[in-house]
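Peer 1: See structure.tsv below, with TSV, C-alpha atoms.
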```tsv
chain	number	residue	atom	x	y	z
A	292	MET	CA	-58.68	-0.70	12.67
A	293	ALA	CA	-58.94	2.34	14.83
A	294	ALA	CA	-60.77	5.08	13.02
A	295	ILE	CA	-58.61	7.67	11.29
A	296	TYR	CA	-59.41	11.31	11.96
A	297	ARG	CA	-58.48	13.13	8.80
A	298	ASN	CA	-58.11	16.82	8.32
A	299	ARG	CA	-61.33	18.46	7.09
A	300	SER	CA	-59.67	20.05	4.05
A	301	GLU	CA	-58.20	16.68	3.03
A	302	ILE	CA	-61.63	15.05	3.25
A	303	LEU	CA	-63.26	17.82	1.21
A	304	ALA	CA	-60.56	17.61	-1.47
A	305	ASP	CA	-60.99	13.84	-1.81
A	306	PHE	CA	-64.79	13.89	-1.96
A	307	LEU	CA	-65.01	16.81	-4.39
A	308	ARG	CA	-62.47	15.19	-6.70
A	309	ASP	CA	-64.32	11.87	-6.97
A	310	PHE	CA	-67.92	13.08	-6.54
A	311	PRO	CA	-68.20	16.29	-8.58
A	312	ASN	CA	-71.95	16.66	-7.89
A	313	LEU	CA	-71.13	17.38	-4.25
A	314	ALA	CA	-69.61	20.72	-5.29
A	315	ASN	CA	-73.12	22.16	-5.66
A	316	ALA	CA	-74.79	20.13	-2.95
A	317	GLN	CA	-75.54	20.36	0.74
A	318	TRP	CA	-73.61	17.67	2.56
A	319	CYS	CA	-71.64	17.09	5.75
A	320	ILE	CA	-69.14	14.61	7.19
A	321	LYS	CA	-70.59	12.27	9.79
A	322	SER	CA	-67.85	9.85	10.82
A	323	PRO	CA	-64.11	9.19	10.80
A	324	LEU	CA	-62.45	7.15	8.04
A	325	ASP	CA	-62.84	3.43	8.70
A	326	ASP	CA	-62.12	0.49	6.39
A	327	SER	CA	-63.96	-2.04	8.60
A	328	TYR	CA	-67.23	-1.49	6.74
A	329	GLN	CA	-68.48	-0.07	3.45
A	330	CYS	CA	-71.66	1.29	1.96
A	331	ILE	CA	-73.65	-1.95	1.80
A	332	ALA	CA	-72.95	-2.75	5.45
A	333	TRP	CA	-73.79	0.85	6.36
A	334	ALA	CA	-77.13	0.51	4.54
A	335	GLU	CA	-77.68	-2.55	6.77
A	336	CYS	CA	-76.86	-0.33	9.82
A	337	ARG	CA	-73.66	-2.34	10.44
A	338	THR	CA	-70.19	-0.94	11.06
A	339	ASP	CA	-68.41	-4.20	11.86
A	340	ARG	CA	-68.15	-5.94	8.49
A	341	ILE	CA	-67.94	-5.66	4.72
A	342	SER	CA	-71.01	-6.94	2.89
A	343	TRP	CA	-70.96	-7.95	-0.75
A	344	PRO	CA	-72.29	-10.92	-2.74
A	345	SER	CA	-68.82	-12.43	-3.10
A	346	TYR	CA	-67.26	-15.71	-1.98
A	347	TYR	CA	-64.04	-14.00	-0.91
A	348	GLY	CA	-63.45	-11.21	1.58
A	349	ALA	CA	-67.03	-10.23	2.36
A	350	PHE	CA	-70.10	-11.26	4.30
A	351	TRP	CA	-73.21	-12.44	2.46
A	352	PRO	CA	-75.98	-14.60	3.92
A	353	GLN	CA	-75.87	-18.30	3.11
A	354	GLY	CA	-78.27	-19.41	0.41
A	355	LEU	CA	-78.35	-16.11	-1.47
A	356	PRO	CA	-76.80	-15.85	-4.95
A	357	ARG	CA	-73.24	-14.47	-5.21
A	358	ALA	CA	-71.02	-13.38	-8.06
A	359	ASP	CA	-67.27	-13.14	-8.03
A	360	PRO	CA	-65.35	-11.10	-10.59
A	361	PRO	CA	-65.44	-10.88	-13.51
A	362	ASN	CA	-69.18	-11.47	-13.10
A	363	GLU	CA	-71.21	-8.44	-12.14
A	364	ALA	CA	-73.39	-8.13	-9.06
A	365	PRO	CA	-76.90	-7.34	-10.35
A	366	VAL	CA	-79.47	-5.22	-8.49
A	367	ASP	CA	-81.63	-8.29	-7.91
A	368	TYR	CA	-78.99	-9.85	-5.59
A	369	PHE	CA	-79.23	-6.82	-3.32
A	370	VAL	CA	-83.03	-6.81	-3.43
A	371	GLN	CA	-82.96	-10.41	-2.20
A	372	ARG	CA	-80.44	-9.55	0.52
A	373	PHE	CA	-82.41	-6.57	1.79
A	374	SER	CA	-85.72	-8.44	1.67
A	375	LEU	CA	-84.28	-10.47	4.56
A	376	LEU	CA	-84.10	-7.17	6.49
A	377	GLY	CA	-87.74	-6.36	5.72
A	378	TYR	CA	-87.24	-4.09	2.67
A	379	LYS	CA	-89.47	-4.12	-0.39
A	380	PRO	CA	-88.95	-2.31	-3.71
A	381	CYS	CA	-90.79	1.01	-4.10
A	382	GLY	CA	-89.63	2.17	-7.54
A	383	VAL	CA	-87.60	5.36	-7.49
A	384	ASN	CA	-89.69	7.29	-4.97
A	385	ASP	CA	-87.02	9.00	-2.85
A	386	GLN	CA	-89.38	11.19	-0.82
A	387	PHE	CA	-89.42	10.79	2.95
A	388	GLU	CA	-92.45	8.85	4.16
A	389	PHE	CA	-93.28	9.02	7.85
A	390	GLY	CA	-93.04	5.55	9.41
A	391	TYR	CA	-90.72	4.15	6.70
A	392	GLN	CA	-86.98	3.77	6.24
A	393	LYS	CA	-85.56	3.66	2.71
A	394	VAL	CA	-82.35	2.53	1.01
A	395	ALA	CA	-81.27	3.36	-2.56
A	396	ILE	CA	-79.27	1.10	-4.90
A	397	TYR	CA	-76.84	2.74	-7.34
A	398	ALA	CA	-75.51	0.88	-10.36
A	399	ASN	CA	-73.49	1.51	-13.49
A	400	ASP	CA	-73.24	-0.55	-16.67
A	401	MET	CA	-71.22	-3.18	-14.79
A	402	GLY	CA	-73.64	-3.71	-11.89
A	403	VAL	CA	-74.25	-2.40	-8.37
A	404	THR	CA	-71.73	0.16	-7.15
A	405	HIS	CA	-73.17	1.76	-4.03
A	406	MET	CA	-76.05	2.00	-1.55
A	407	ALA	CA	-77.31	4.92	0.52
A	408	ARG	CA	-79.68	4.85	3.49
A	409	GLN	CA	-82.25	7.55	4.17
A	410	HIS	CA	-81.81	9.46	7.42
A	411	PHE	CA	-84.30	8.19	9.96
A	412	LEU	CA	-86.06	11.55	10.08
A	413	GLY	CA	-85.67	12.26	6.36
A	414	ARG	CA	-82.87	14.84	6.63
A	415	GLY	CA	-81.11	13.36	3.62
A	416	TRP	CA	-79.20	10.22	2.68
A	417	LEU	CA	-76.31	8.55	4.49
A	418	SER	CA	-73.51	7.26	2.28
A	419	LYS	CA	-70.26	5.50	3.12
A	420	ALA	CA	-67.88	6.04	0.22
A	421	GLY	CA	-65.68	2.93	0.14
A	422	ASP	CA	-63.12	3.16	2.95
A	423	TRP	CA	-63.73	6.86	3.44
A	424	GLU	CA	-65.95	8.73	5.89
A	425	ASP	CA	-69.76	8.55	6.06
A	426	ILE	CA	-71.49	11.61	4.77
A	427	LEU	CA	-75.04	12.95	4.89
A	428	HIS	CA	-76.13	14.41	1.55
A	429	ARG	CA	-79.43	16.07	0.76
A	430	GLU	CA	-80.25	14.37	-2.56
A	431	LEU	CA	-79.53	10.98	-4.07
A	432	ARG	CA	-78.17	12.61	-7.23
A	433	ASP	CA	-75.34	14.14	-5.17
A	434	MET	CA	-73.48	10.82	-5.37
A	435	GLU	CA	-74.46	9.92	-8.91
A	436	GLY	CA	-71.95	9.86	-11.75
A	437	ASP	CA	-71.01	8.32	-15.05
A	438	MET	CA	-72.50	4.95	-16.05
A	439	SER	CA	-69.25	3.73	-17.60
A	440	PRO	CA	-67.33	1.22	-15.45
A	441	LEU	CA	-64.11	2.92	-16.53
A	442	ALA	CA	-65.18	6.20	-14.93
A	443	ARG	CA	-64.83	4.82	-11.37
A	444	GLU	CA	-68.07	6.56	-10.37
A	445	TYR	CA	-71.33	5.28	-8.91
A	446	GLY	CA	-73.60	5.48	-11.95
A	447	LYS	CA	-77.28	6.25	-11.27
A	448	VAL	CA	-79.89	5.24	-8.71
A	449	GLN	CA	-81.64	2.18	-10.08
A	450	LEU	CA	-84.06	1.21	-7.34
A	451	ILE	CA	-85.27	2.29	-3.90
A	452	LEU	CA	-86.39	-0.14	-1.20
A	453	LYS	CA	-88.37	0.65	1.93
A	454	ARG	CA	-89.43	-0.96	5.18
A	455	THR	CA	-91.49	0.11	8.17
A	456	TRP	CA	-89.92	1.54	11.30
A	457	TRP	CA	-91.37	-1.45	13.17
A	458	SER	CA	-89.50	-3.78	10.85
A	459	ALA	CA	-86.28	-1.89	11.60
A	460	PHE	CA	-87.04	-1.93	15.33
A	461	VAL	CA	-87.56	-5.69	15.65
A	462	ARG	CA	-84.26	-6.36	13.83
A	463	LEU	CA	-82.39	-4.11	16.27
A	464	CYS	CA	-81.45	-1.84	13.36
A	465	LEU	CA	-82.79	1.23	15.14
A	466	LEU	CA	-80.67	0.41	18.16
A	467	ARG	CA	-77.54	0.01	16.00
A	468	CYS	CA	-78.25	3.17	14.05
A	469	SER	CA	-78.80	5.14	17.27
A	470	TRP	CA	-75.57	3.80	18.78
A	471	ASN	CA	-73.60	4.68	15.63
A	472	ALA	CA	-75.21	8.12	15.50
A	473	PHE	CA	-74.08	8.69	19.10
A	474	LYS	CA	-70.52	7.50	18.35
A	475	PHE	CA	-70.29	9.78	15.33
A	476	TRP	CA	-71.73	12.71	17.30
A	477	LEU	CA	-68.88	12.22	19.79
A	478	TYR	CA	-66.44	12.11	16.86
A	479	ARG	CA	-67.70	15.39	15.48
A	480	LEU	CA	-67.60	16.99	18.90
A	481	ARG	CA	-63.98	15.91	19.29
A	482	ASN	CA	-63.10	16.86	15.74
A	483	ASP	CA	-64.60	20.32	16.10
A	484	PHE	CA	-62.64	20.89	19.28
A	485	ALA	CA	-59.48	19.69	17.57
A	486	THR	CA	-59.84	22.11	14.69
B	90	MET	CA	-5.68	27.50	-67.06
B	91	PRO	CA	-7.05	29.86	-64.56
B	92	ARG	CA	-8.14	28.22	-61.37
B	93	GLU	CA	-11.92	28.14	-60.87
B	94	TRP	CA	-12.95	29.35	-57.52
B	95	ALA	CA	-16.10	28.24	-55.91
B	96	PRO	CA	-18.68	30.98	-56.07
B	97	GLU	CA	-18.75	33.31	-53.16
B	98	PRO	CA	-21.45	32.05	-50.75
B	99	ASP	CA	-24.49	34.19	-50.51
B	100	PRO	CA	-24.46	35.76	-47.01
B	101	ALA	CA	-28.17	35.00	-46.74
B	102	SER	CA	-27.46	31.22	-46.84
B	103	TRP	CA	-24.83	31.27	-44.08
B	104	HIS	CA	-27.49	30.94	-41.43
B	105	GLU	CA	-29.06	28.00	-43.29
B	106	ASP	CA	-25.70	26.22	-43.47
B	107	ASP	CA	-25.20	26.66	-39.73
B	108	GLU	CA	-28.68	25.28	-39.12
B	109	ALA	CA	-27.97	22.27	-41.34
B	110	LEU	CA	-24.71	21.63	-39.49
B	111	ARG	CA	-26.45	21.79	-36.15
B	112	ILE	CA	-29.07	19.30	-37.35
B	113	LEU	CA	-26.32	16.96	-38.62
B	114	LEU	CA	-24.50	17.18	-35.30
B	115	ALA	CA	-27.70	16.53	-33.39
B	116	LEU	CA	-28.50	13.50	-35.56
B	117	ALA	CA	-24.99	12.17	-35.02
B	118	ALA	CA	-25.36	12.61	-31.27
B	119	ILE	CA	-28.71	10.79	-31.32
B	120	ASP	CA	-27.15	7.99	-33.41
B	121	LYS	CA	-24.35	7.65	-30.89
B	122	TYR	CA	-26.80	7.65	-27.95
B	123	VAL	CA	-29.01	5.03	-29.60
B	124	ALA	CA	-25.95	2.86	-30.27
B	125	GLU	CA	-24.99	3.11	-26.60
B	126	LEU	CA	-28.55	2.27	-25.56
B	127	ASP	CA	-28.54	-0.77	-27.84
B	128	ASP	CA	-25.36	-1.97	-26.12
B	129	GLU	CA	-27.06	-1.56	-22.72
B	130	GLY	CA	-30.31	-3.21	-23.79
B	131	GLY	CA	-32.29	0.01	-24.17
B	132	SER	CA	-34.61	0.88	-27.03
B	133	VAL	CA	-36.23	3.66	-28.99
B	134	VAL	CA	-40.01	3.43	-29.17
B	135	ALA	CA	-42.07	5.71	-31.40
B	136	GLY	CA	-39.42	8.41	-31.40
B	137	GLU	CA	-39.18	8.41	-27.62
B	138	LEU	CA	-35.97	7.41	-25.91
B	139	CYS	CA	-36.52	4.83	-23.17
B	140	VAL	CA	-33.74	4.75	-20.64
B	141	PRO	CA	-33.19	1.23	-19.31
B	142	THR	CA	-34.18	0.76	-15.69
B	143	GLU	CA	-33.42	-1.94	-13.17
B	144	ARG	CA	-36.61	-1.84	-11.12
B	145	THR	CA	-37.39	-4.79	-8.91
B	146	LEU	CA	-40.71	-6.58	-8.78
B	147	GLU	CA	-41.25	-5.13	-5.31
B	148	GLU	CA	-40.72	-1.55	-6.52
B	149	ARG	CA	-43.15	-2.03	-9.38
B	150	PHE	CA	-45.63	-3.68	-7.01
B	151	ARG	CA	-45.39	-0.74	-4.57
B	152	GLU	CA	-45.95	1.78	-7.33
B	153	GLN	CA	-49.01	-0.02	-8.70
B	154	SER	CA	-50.52	-0.84	-5.31
B	155	ASP	CA	-50.18	2.79	-4.15
B	156	LYS	CA	-51.82	4.02	-7.34
B	157	TRP	CA	-54.58	1.43	-7.03
B	158	ALA	CA	-55.32	2.32	-3.40
B	159	GLN	CA	-55.33	6.04	-4.12
B	160	GLU	CA	-57.67	5.80	-7.08
B	161	THR	CA	-60.14	3.21	-5.80
B	162	GLN	CA	-60.41	3.97	-2.09
B	163	HIS	CA	-63.80	5.66	-2.60
B	164	LEU	CA	-65.28	2.57	-4.27
B	165	SER	CA	-67.16	-0.21	-2.50
B	166	SER	CA	-67.65	-2.60	-5.37
B	167	PRO	CA	-64.80	-5.12	-5.54
B	168	ILE	CA	-65.55	-5.53	-9.23
B	169	GLN	CA	-64.90	-1.83	-9.85
B	170	ARG	CA	-61.74	-2.00	-7.77
B	171	MET	CA	-60.44	-5.03	-9.62
B	172	ALA	CA	-61.14	-3.44	-12.99
B	173	HIS	CA	-58.48	-0.80	-12.25
B	174	PRO	CA	-55.42	-1.15	-14.55
B	175	SER	CA	-53.02	-1.27	-11.57
B	176	TYR	CA	-54.85	-4.26	-10.12
B	177	GLN	CA	-54.58	-5.98	-13.48
B	178	ALA	CA	-50.89	-5.04	-13.67
B	179	ILE	CA	-50.26	-6.68	-10.30
B	180	MET	CA	-52.10	-9.82	-11.37
B	181	GLY	CA	-49.87	-9.80	-14.46
B	182	MET	CA	-46.74	-9.60	-12.28
B	183	ALA	CA	-47.68	-13.01	-10.87
B	184	GLN	CA	-46.61	-14.52	-14.20
B	185	GLU	CA	-43.04	-13.43	-13.43
B	186	ASN	CA	-42.96	-14.75	-9.86
B	187	LYS	CA	-46.21	-15.90	-8.32
B	188	GLN	CA	-44.82	-16.71	-4.87
B	189	GLU	CA	-43.19	-13.28	-4.58
B	190	VAL	CA	-46.42	-11.51	-5.59
B	191	ILE	CA	-48.38	-13.53	-3.01
B	192	ARG	CA	-45.79	-12.56	-0.38
B	193	LEU	CA	-46.04	-8.88	-1.31
B	194	LEU	CA	-49.85	-9.00	-1.30
B	195	ILE	CA	-49.94	-10.52	2.20
B	196	LEU	CA	-47.42	-7.99	3.53
B	197	ASP	CA	-49.37	-5.12	1.97
B	198	LEU	CA	-52.58	-6.52	3.45
B	199	GLN	CA	-50.92	-6.74	6.86
B	200	GLU	CA	-49.19	-3.34	6.82
B	201	ARG	CA	-51.59	-1.17	4.85
B	202	ARG	CA	-54.86	-3.13	5.13
B	203	ARG	CA	-55.48	-3.11	1.40
B	204	ALA	CA	-58.17	-5.54	0.36
B	205	TRP	CA	-56.29	-8.11	-1.75
B	206	PHE	CA	-58.55	-11.01	-0.72
B	207	TRP	CA	-59.80	-11.90	-4.17
B	208	ALA	CA	-56.33	-11.65	-5.75
B	209	LEU	CA	-54.86	-13.83	-3.01
B	210	SER	CA	-57.58	-16.45	-3.31
B	211	TYR	CA	-57.14	-16.50	-7.08
B	212	LEU	CA	-53.33	-16.78	-7.02
B	213	ALA	CA	-53.02	-19.11	-4.03
B	214	GLN	CA	-56.07	-21.17	-5.05
B	215	THR	CA	-57.28	-21.27	-1.47
B	216	ASN	CA	-59.41	-19.29	0.98
B	217	PRO	CA	-58.22	-19.50	4.60
B	218	ILE	CA	-61.02	-17.21	5.87
B	219	SER	CA	-63.60	-19.15	7.87
B	220	PRO	CA	-67.25	-18.41	6.92
B	221	LYS	CA	-67.96	-16.91	10.35
B	222	ASP	CA	-65.18	-14.33	9.87
B	223	ALA	CA	-66.18	-13.36	6.32
B	224	GLY	CA	-66.38	-9.59	6.01
B	225	LYS	CA	-64.55	-8.86	9.28
B	226	MET	CA	-61.44	-7.02	8.17
B	227	ASP	CA	-59.20	-7.78	11.17
B	228	LYS	CA	-60.09	-11.47	11.18
B	229	MET	CA	-59.63	-11.81	7.43
B	230	ILE	CA	-56.18	-10.19	7.55
B	231	GLU	CA	-55.24	-12.40	10.48
B	232	ALA	CA	-56.34	-15.51	8.54
B	233	TRP	CA	-54.18	-14.65	5.51
B	234	VAL	CA	-51.13	-13.72	7.59
B	235	LYS	CA	-51.46	-16.99	9.49
B	236	TRP	CA	-51.77	-18.89	6.20
B	237	GLY	CA	-48.70	-17.08	4.83
B	238	LYS	CA	-46.63	-18.08	7.88
B	239	THR	CA	-47.87	-21.67	7.83
B	240	GLU	CA	-47.05	-22.04	4.13
B	241	GLY	CA	-43.66	-20.31	4.56
B	242	VAL	CA	-44.62	-17.50	2.20
B	243	ILE	CA	-43.81	-14.69	4.65
```
Take the structure in the file and write it out as structure tokens.

Peer 2:
Amino acid sequence: MAAIYRNRSEILADFLRDFPNLANAQWCIKSPLDDSYQCIAWAECRTDRISWPSYYGAFWPQGLPRADPPNEAPVDYFVQRFSLLGYKPCGVNDQFEFGYQKVAIYANDMGVTHMARQHFLGRGWLSKAGDWEDILHRELRDMEGDMSPLAREYGKVQLILKRTWWSAFVRLCLLRCSWNAFKFWLYRLRNDFAT
Amino acid sequence: MPREWAPEPDPASWHEDDEALRILLALAAIDKYVAELDDEGGSVVAGELCVPTERTLEERFREQSDKWAQETQHLSSPIQRMAHPSYQAIMGMAQENKQEVIRLLILDLQERRRAWFWALSYLAQTNPISPKDAGKMDKMIEAWVKWGKTEGVI
């Protein structure tokens, strides 16, 4: 799908309605709306697919455990997936560490709900909210919410994984991230001119 | 024998009598309305009048799918999306007419790109998406539309 360039006020209204913590946070819009990828793929630095440990409608590497509804997708499935990309668990240390790239796993009482990737230079965390736009938010708690599955929120950060920049470089992730950053910079340039 | 006249009504009770009459008239009107509803197949539930409607499966599907998309678009987890009551309502509609619901799901997938992959696989008991295209939205939609045409669903 071609990306959809939504009006800034429409984007703000949507995000503030479903992520109340953003009301008192520093955050900005980084990309147009695009349903071709979601948060897990974005944590993998991909914008061309939907990743989820499911047998239907999503990519997941062969040989790794999957769970289709009504079974939940536990944090461990995502740890295994991201270990293939060079990530290792580092507790809940969300501080920027020079030479490392981090991703955070959010979960509620039903299982994993979301992932965010730390900005390469530690300027915050990059989140893709479902089909909506990517945003850069300063703190991980900005996207946190209720733990109840009925709340339709992301729950809390359960675990943070990290890998070295070298590990990201050899998997071409840095190249992909740089290319996407350039595309989104062009989007913002165009969007700013349009408004 | 002198005729006994009814006692002169107390002016203070006139208002009460009017009120009682109005209540009686209102009750009679409700009775009449309920009788009409009964004739038309309507009902009264918990004191609330339910006007009978002739809504098609497609109209109900549209309403629920719009609500579902609007309220779950910010979620990435398919499990969270499927837990939404509208998703469950649509799955329930398949008990009325499974083929029609599959048709509507494929058309909605094609026109509005709503991710009905799990529902389709569950209802149609098949998965036409090849492993190499898994996760690629355009390819997955294409695979289901092609399957729908091959099977004569759309």

Peer 1: What separation in Å, quoted to one decimal, exists between CA of Leu463 (chain A) and CA of Ala204 (chain B)?

Peer 2: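 Interatomic distance, CA of Leu463 (chain A) to CA of Ala204 (chain B): 29.0 Å.
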
Peer 1: Please list as a PyMOL selection string every residue within 9 Å of Phe389 (chain A), counting all atoms listed in the file and excluding residues in the same chain fewer than 4 positions away.

Peer 2: chain A and resi 412-413+456

Peer 1: Enter the distance from CA of Ile331 (chain A) to CA of Ala407 (chain A), in Å, rounded to one decimal.

Peer 2: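 It comes out at 7.9 Å.
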
Peer 1: Around the point (-53.2, 0.8, -9.3) in the file's coordinates, collect all residues with an atom within 8 Å, using all atoms listed in the file, and return them as a ChimeraX atom specification.

Peer 2: /B:152-160,173-176,178

Peer 1: Residues of chain B near chain A: apply a cut-off of 9 Å, count only C-alpha atoms, and supply the list as a ChimeraX atom specification.

Peer 2: /B:160-173,202,204-207,210,216,218,220-227,229

Peer 1: How many Å separate CA of Thr145 (chain B) from CA of Thr215 (chain B)?

Peer 2: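 Atom-to-atom, CA of Thr145 (chain B) and CA of Thr215 (chain B) are spaced 26.9 Å apart.
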